[in-house]
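Undergrad: Next comes final-v5.pdb, PDB, C-alpha atoms, pLDDT in the B column:
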ATOM      1  CA  PRO A 935     -70.265  22.330-290.223  1.00 68.00           C
ATOM      2  CA  LEU A 936     -70.778  18.857-291.590  1.00 75.00           C
ATOM      3  CA  LEU A 937     -74.200  18.268-293.126  1.00 82.00           C
ATOM      4  CA  PHE A 938     -76.084  15.269-291.784  1.00 81.00           C
ATOM      5  CA  ASN A 939     -79.425  13.643-292.530  1.00 84.00           C
ATOM      6  CA  LYS A 940     -81.350  15.745-290.004  1.00 89.00           C
ATOM      7  CA  THR A 941     -80.204  19.014-291.604  1.00 91.00           C
ATOM      8  CA  MET A 942     -80.788  17.797-295.153  1.00 92.00           C
ATOM      9  CA  LYS A 943     -84.266  16.537-294.203  1.00 92.00           C
ATOM     10  CA  LYS A 944     -85.117  19.943-292.772  1.00 94.00           C
ATOM     11  CA  ALA A 945     -83.804  21.608-295.965  1.00 94.00           C
ATOM     12  CA  ALA A 946     -85.926  19.299-298.148  1.00 93.00           C
ATOM     13  CA  GLU A 947     -89.022  20.003-296.051  1.00 93.00           C
ATOM     14  CA  LYS A 948     -88.487  23.765-296.327  1.00 94.00           C
ATOM     15  CA  LEU A 949     -88.019  23.588-300.090  1.00 94.00           C
ATOM     16  CA  ASN A 950     -91.114  21.372-300.457  1.00 90.00           C
ATOM     17  CA  LYS A 951     -93.167  23.933-298.535  1.00 92.00           C
ATOM     18  CA  GLY A 952     -91.955  26.630-300.929  1.00 90.00           C
ATOM     19  CA  ASP A 953     -89.731  28.415-298.420  1.00 88.00           C
ATOM     20  CA  ASP A 954     -87.133  30.818-299.734  1.00 90.00           C
ATOM     21  CA  ALA A 955     -84.227  28.979-301.384  1.00 93.00           C
ATOM     22  CA  GLN A 956     -81.817  31.645-300.094  1.00 94.00           C
ATOM     23  CA  GLU A 957     -82.845  30.831-296.518  1.00 94.00           C
ATOM     24  CA  VAL A 958     -82.181  27.136-297.161  1.00 94.00           C
ATOM     25  CA  CYS A 959     -78.818  28.030-298.728  1.00 93.00           C
ATOM     26  CA  SER A 960     -77.864  29.930-295.571  1.00 93.00           C
ATOM     27  CA  MET A 961     -78.867  26.945-293.449  1.00 92.00           C
ATOM     28  CA  LEU A 962     -76.632  24.641-295.561  1.00 92.00           C
ATOM     29  CA  GLY A 963     -73.746  27.044-296.061  1.00 90.00           C
ATOM     30  CA  HIS A 964     -74.359  26.962-299.814  1.00 92.00           C
ATOM     31  CA  SER A 965     -74.014  30.113-301.892  1.00 91.00           C
ATOM     32  CA  ASP A 966     -76.139  29.353-304.964  1.00 92.00           C
ATOM     33  CA  PRO A 967     -79.940  29.283-304.622  1.00 94.00           C
ATOM     34  CA  SER A 968     -80.270  28.087-308.222  1.00 93.00           C
ATOM     35  CA  THR A 969     -78.649  24.740-307.316  1.00 94.00           C
ATOM     36  CA  VAL A 970     -79.935  24.161-303.786  1.00 95.00           C
ATOM     37  CA  HIS A 971     -82.648  21.736-304.959  1.00 94.00           C
ATOM     38  CA  ALA A 972     -80.009  19.759-306.864  1.00 94.00           C
ATOM     39  CA  LEU A 973     -77.758  19.716-303.777  1.00 94.00           C
ATOM     40  CA  VAL A 974     -80.542  18.228-301.629  1.00 94.00           C
ATOM     41  CA  ALA A 975     -81.463  15.732-304.360  1.00 93.00           C
ATOM     42  CA  TRP A 976     -77.809  14.737-304.848  1.00 91.00           C
ATOM     43  CA  TYR A 977     -77.472  14.179-301.079  1.00 90.00           C
ATOM     44  CA  TYR A 978     -80.433  11.811-300.958  1.00 89.00           C
ATOM     45  CA  LYS A 979     -79.451   9.926-304.119  1.00 88.00           C
ATOM     46  CA  ASP A 980     -75.653   9.641-303.706  1.00 82.00           C
ATOM     47  CA  VAL A 981     -74.956  10.003-299.983  1.00 80.00           C
ATOM     48  CA  ALA A 982     -78.073   8.652-298.260  1.00 83.00           C
ATOM     49  CA  LYS A 983     -78.648   6.154-301.120  1.00 83.00           C
ATOM     50  CA  LYS A 984     -82.381   6.776-301.249  1.00 86.00           C
ATOM     51  CA  ALA A 985     -84.602   6.764-304.295  1.00 83.00           C
ATOM     52  CA  LEU A 986     -85.804  10.152-305.457  1.00 81.00           C
ATOM     53  CA  THR A 987     -89.584   9.955-305.404  1.00 81.00           C
ATOM     54  CA  ASN A 988     -90.173  13.713-305.449  1.00 77.00           C
ATOM     55  CA  GLY A 989     -90.389  15.067-309.004  1.00 85.00           C
ATOM     56  CA  LEU A 990     -89.176  18.526-307.944  1.00 87.00           C
ATOM     57  CA  PHE A 991     -85.886  17.141-306.643  1.00 90.00           C
ATOM     58  CA  ALA A 992     -85.438  14.538-309.390  1.00 90.00           C
ATOM     59  CA  ASN A 993     -85.919  17.223-312.049  1.00 91.00           C
ATOM     60  CA  ALA A 994     -83.518  19.588-310.280  1.00 92.00           C
ATOM     61  CA  LEU A 995     -80.884  16.862-310.101  1.00 90.00           C
ATOM     62  CA  ASN A 996     -81.162  16.116-313.818  1.00 90.00           C
ATOM     63  CA  LYS A 997     -81.196  19.783-314.756  1.00 93.00           C
ATOM     64  CA  ASP A 998     -78.696  21.350-312.322  1.00 93.00           C
ATOM     65  CA  LEU A 999     -76.204  18.682-311.199  1.00 90.00           C
ATOM     66  CA  ASN A1000     -73.533  19.658-313.732  1.00 90.00           C
ATOM     67  CA  HIS A1001     -73.882  23.320-312.751  1.00 91.00           C
ATOM     68  CA  LEU A1002     -73.655  22.352-309.057  1.00 91.00           C
ATOM     69  CA  LEU A1003     -70.486  20.337-309.674  1.00 87.00           C
ATOM     70  CA  LEU A1004     -68.978  23.181-311.681  1.00 86.00           C
ATOM     71  CA  LYS A1005     -69.902  25.797-309.081  1.00 86.00           C
ATOM     72  CA  THR A1006     -68.564  23.810-306.080  1.00 84.00           C
ATOM     73  CA  LYS A1007     -65.611  22.254-307.977  1.00 80.00           C
ATOM     74  CA  HIS A1008     -66.526  19.113-306.020  1.00 77.00           C
ATOM     75  CA  SER A1009     -65.296  16.695-308.682  1.00 72.00           C
ATOM     76  CA  LYS A1010     -61.748  17.800-307.782  1.00 68.00           C
ATOM     77  CA  HIS A1011     -62.126  17.028-304.075  1.00 65.00           C
ATOM     78  CA  ALA A1012     -61.278  13.840-302.229  1.00 56.00           C
ATOM     79  CA  VAL A1013     -64.262  11.978-300.882  1.00 57.00           C
ATOM     80  CA  PRO A1014     -64.157   9.602-297.922  1.00 55.00           C
ATOM     81  CA  ARG A1015     -65.154   5.992-298.291  1.00 50.00           C
ATOM     82  CA  ARG A1016     -65.260   3.262-295.697  1.00 44.00           C
ATOM     83  CA  THR A1017     -62.193   1.622-297.201  1.00 47.00           C
ATOM     84  CA  LYS A1018     -58.462   2.174-296.888  1.00 45.00           C
ATOM     85  CA  GLY A1019     -58.134   3.342-300.490  1.00 45.00           C
ATOM     86  CA  TYR A1020     -58.787   6.658-302.086  1.00 42.00           C
ATOM     87  CA  ALA A1021     -62.016   7.475-303.833  1.00 41.00           C
ATOM     88  CA  SER A1022     -62.011   7.465-307.620  1.00 41.00           C
ATOM     89  CA  GLY A1023     -58.227   7.802-307.783  1.00 40.00           C
ATOM     90  CA  LYS A1024     -58.357  11.210-306.100  1.00 42.00           C
ATOM     91  CA  THR A1025     -55.576  12.140-303.732  1.00 45.00           C
ATOM     92  CA  ASN A1026     -56.202  12.167-300.008  1.00 48.00           C
ATOM     93  CA  GLY A1027     -56.286  15.570-298.357  1.00 46.00           C
ATOM     94  CA  GLU A1028     -58.353  17.688-300.709  1.00 60.00           C
ATOM     95  CA  LEU A1029     -61.433  18.122-298.526  1.00 67.00           C
ATOM     96  CA  SER A1030     -62.827  21.577-299.112  1.00 74.00           C
ATOM     97  CA  PRO A1031     -64.531  22.904-295.986  1.00 74.00           C
ATOM     98  CA  THR A1032     -66.364  25.462-298.148  1.00 80.00           C
ATOM     99  CA  CYS A1033     -67.828  22.815-300.467  1.00 83.00           C
ATOM    100  CA  PRO A1034     -71.319  21.763-299.303  1.00 88.00           C
ATOM    101  CA  MET A1035     -70.953  18.472-301.194  1.00 85.00           C
ATOM    102  CA  CYS A1036     -67.786  17.593-299.233  1.00 80.00           C
ATOM    103  CA  ARG A1037     -69.562  18.523-295.996  1.00 79.00           C
ATOM    104  CA  CYS A1038     -72.391  16.143-296.941  1.00 81.00           C
ATOM    105  CA  GLU A1039     -70.071  13.208-297.598  1.00 75.00           C
ATOM    106  CA  TYR A1040     -67.866  13.513-294.535  1.00 68.00           C
ATOM    107  CA  GLN A1041     -69.338  12.052-291.379  1.00 64.00           C
ATOM    108  CA  MET A1042     -68.147  12.189-287.782  1.00 57.00           C
ATOM    109  CA  SER A1043     -66.612   8.754-288.284  1.00 58.00           C
ATOM    110  CA  SER A1044     -64.945   9.433-291.657  1.00 64.00           C
ATOM    111  CA  PRO A1045     -61.159   9.392-291.412  1.00 69.00           C
ATOM    112  CA  LEU A1046     -59.920  12.941-291.720  1.00 69.00           C
ATOM    113  CA  ALA A1047     -58.161  13.755-294.938  1.00 67.00           C
ATOM    114  CA  ILE A1048     -56.235  16.570-293.275  1.00 71.00           C
ATOM    115  CA  PRO A1049     -53.558  16.713-290.539  1.00 80.00           C
ATOM    116  CA  PHE A1050     -54.700  16.648-286.915  1.00 82.00           C
ATOM    117  CA  VAL A1051     -53.271  16.355-283.403  1.00 87.00           C
ATOM    118  CA  LEU A1052     -54.510  13.676-281.017  1.00 88.00           C
ATOM    119  CA  GLU A1053     -55.831  15.402-277.885  1.00 87.00           C
ATOM    120  CA  SER A1054     -56.489  12.315-275.760  1.00 86.00           C
ATOM    121  CA  ALA A1055     -56.014   8.570-276.009  1.00 86.00           C
ATOM    122  CA  PRO A1056     -57.709   5.546-274.415  1.00 87.00           C
ATOM    123  CA  ASP A1057     -55.769   3.145-272.196  1.00 90.00           C
ATOM    124  CA  TRP A1058     -54.941   0.764-275.038  1.00 89.00           C
ATOM    125  CA  MET A1059     -53.107   3.447-277.048  1.00 91.00           C
ATOM    126  CA  PRO A1060     -49.556   4.483-276.206  1.00 94.00           C
ATOM    127  CA  PRO A1061     -49.669   7.518-273.873  1.00 93.00           C
ATOM    128  CA  ASP A1062     -47.008   9.276-275.961  1.00 94.00           C
ATOM    129  CA  TRP A1063     -49.532   9.534-278.799  1.00 94.00           C
ATOM    130  CA  VAL A1064     -51.274  12.397-276.980  1.00 92.00           C
ATOM    131  CA  SER A1065     -50.220  15.607-278.772  1.00 93.00           C
ATOM    132  CA  ARG A1066     -48.847  13.565-281.688  1.00 93.00           C
ATOM    133  CA  ARG A1067     -49.582  14.977-285.148  1.00 92.00           C
ATOM    134  CA  PHE A1068     -51.005  12.605-287.764  1.00 88.00           C
ATOM    135  CA  GLU A1069     -51.084  13.640-291.406  1.00 84.00           C
ATOM    136  CA  SER A1070     -54.515  12.055-291.930  1.00 80.00           C
ATOM    137  CA  GLY A1071     -57.017   9.645-290.463  1.00 80.00           C
ATOM    138  CA  TRP A1072     -55.626   6.969-292.784  1.00 79.00           C
ATOM    139  CA  GLU A1073     -52.146   7.399-291.255  1.00 87.00           C
ATOM    140  CA  PHE A1074     -53.708   7.218-287.781  1.00 89.00           C
ATOM    141  CA  HIS A1075     -55.521   3.967-288.663  1.00 86.00           C
ATOM    142  CA  LYS A1076     -52.312   2.439-290.057  1.00 88.00           C
ATOM    143  CA  ALA A1077     -50.486   3.335-286.814  1.00 92.00           C
ATOM    144  CA  ILE A1078     -53.252   1.675-284.780  1.00 91.00           C
ATOM    145  CA  ASP A1079     -53.011  -1.455-286.945  1.00 90.00           C
ATOM    146  CA  LYS A1080     -49.345  -1.810-285.871  1.00 93.00           C
ATOM    147  CA  LEU A1081     -50.137  -1.890-282.136  1.00 93.00           C
ATOM    148  CA  PRO A1082     -49.747  -5.284-280.392  1.00 93.00           C
ATOM    149  CA  ILE A1083     -53.392  -5.196-279.267  1.00 90.00           C
ATOM    150  CA  ARG A1084     -54.437  -5.229-282.955  1.00 89.00           C
ATOM    151  CA  ALA A1085     -52.387  -8.306-283.874  1.00 90.00           C
ATOM    152  CA  GLY A1086     -54.415 -10.745-285.957  1.00 90.00           C
ATOM    153  CA  ARG A1087     -57.333  -8.356-286.349  1.00 88.00           C
ATOM    154  CA  PRO A1088     -58.676  -6.837-289.569  1.00 84.00           C
ATOM    155  CA  PRO A1089     -57.530  -3.337-290.543  1.00 80.00           C
ATOM    156  CA  THR A1090     -58.900  -0.496-288.467  1.00 79.00           C
ATOM    157  CA  CYS A1091     -61.806   1.282-290.131  1.00 71.00           C
ATOM    158  CA  PHE A1092     -63.187   3.224-287.167  1.00 68.00           C
ATOM    159  CA  ALA A1093     -61.154   4.426-284.222  1.00 66.00           C
ATOM    160  CA  THR A1094     -62.290   7.854-283.142  1.00 66.00           C
ATOM    161  CA  THR A1095     -64.639  10.734-283.740  1.00 62.00           C
ATOM    162  CA  TYR A1096     -63.152  13.905-285.081  1.00 58.00           C
ATOM    163  CA  GLY A1097     -64.245  17.137-283.464  1.00 57.00           C
ATOM    164  CA  MET A1098     -63.613  20.340-285.332  1.00 48.00           C
TER     165      MET A1098
END
I need this file expressed as structure tokens, please.
TA:
Amino acid sequence: PLLFNKTMKKAAEKLNKGDDAQEVCSMLGHSDPSTVHALVAWYYKDVAKKALTNGLFANALNKDLNHLLLKTKHSKHAVPRRTKGYASGKTNGELSPTCPMCRCEYQMSSPLAIPFVLESAPDWMPPDWVSRRFESGWEFHKAIDKLPIRAGRPPTCFATTYGM
């Protein structure tokens, strides 16, 4: 599952109370209790863009971030951004569903970096798009941009939610 603010907040609260790190790892789908504090701290600093005011998490981030990146191999994955380009020169399509860092960065509105089939379409989309396979959310957005209804409008940046 994707990891959103509500889940990460609950994880941070549990860790602050001194709950078992393994239990928090299970909740997040993360396999390494030694880096779970760093994962939560990284989420708040890099994804939620919040200042780290808790010394426990700030220290864990400084101490364990490199180990977390090495363990998850996250630096090799594509990350979604709210632009049409690719993040940090990484190729589109390398989302790792087993990487907790990828699951933190992807949101319900992030264009998928993997192939998908459109299951339904609103009235303004061509009906023959239902059951059409798109190689990625970016390809889907480019196809939408070419529709007559989009003429003269800025590029599509949000068009659908992706259910998995």
Undergrad: Between CA of Asp953 in chain A and CA of Lys1007 in chain A, what is the distance, to one decimal in Å?
TA: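 The value is 26.7 Å.
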Undergrad: Apply the PyMOL selection byres ((chain A and resi 942) around 10) to the structure shown and report the selected residues as a ChimeraX atom specification.
TA: /A:937-941,943-948,958,961-962,973-975,977-978,1038
Undergrad: Assuming the chain letters and numbering stay as they are in my file, what does the PyMOL selection byres ((chain A and resi 1053) around 9) actually select? List them as number ranges by chain.
TA: A: 1051-1052, 1054-1055, 1063-1066
Undergrad: Between CA of Leu995 in chain A and CA of Val981 in chain A, what is the spacing in Å?
TA: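 Answer for the CA of Val981 in chain A to CA of Leu995 in chain A separation: 13.6 Å.
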Undergrad: What is the distance between CA of Pro1088 in chain A and CA of Asp980 in chain A, in Å to one decimal?
TA: 27.6 Å
Undergrad: Would you kindly return, as a PDB file with C-alpha atoms, keeping the file's coordinate frame, each protein, DNA or RNA residue with an atom no farther than 9 Å from any atom of Pro1089 in chain A, considering all atoms listed in the file and excluding same-chain residues fewer than 6 positions away?
TA:
ATOM      1  CA  LYS A1018     -58.462   2.174-296.888  1.00 45.00           C
ATOM      2  CA  HIS A1075     -55.521   3.967-288.663  1.00 86.00           C
ATOM      3  CA  LYS A1076     -52.312   2.439-290.057  1.00 88.00           C
ATOM      4  CA  ILE A1078     -53.252   1.675-284.780  1.00 91.00           C
ATOM      5  CA  ASP A1079     -53.011  -1.455-286.945  1.00 90.00           C
TER       6      ASP A1079
END
Undergrad: Extending 6 Å beyond the listed atoms of range 990-1001 of chain A on each side, what axis-aligned box results? I want centre and edge lengths in Å to one decimal, as AutoDock Vina command-line options.
TA:
--center_x -81.4 --center_y 18.9 --center_z -310.7 --size_x 27.6 --size_y 20.8 --size_z 20.1
Undergrad: List the spatial neighbours of Asp998 in chain A as a ChimeraX atom specification - criterion: any atom at most 12 Å away, all atoms listed in the file, same-chain residues fewer than 4 positions off excluded.
TA: /A:966-976,990-994,1002-1005
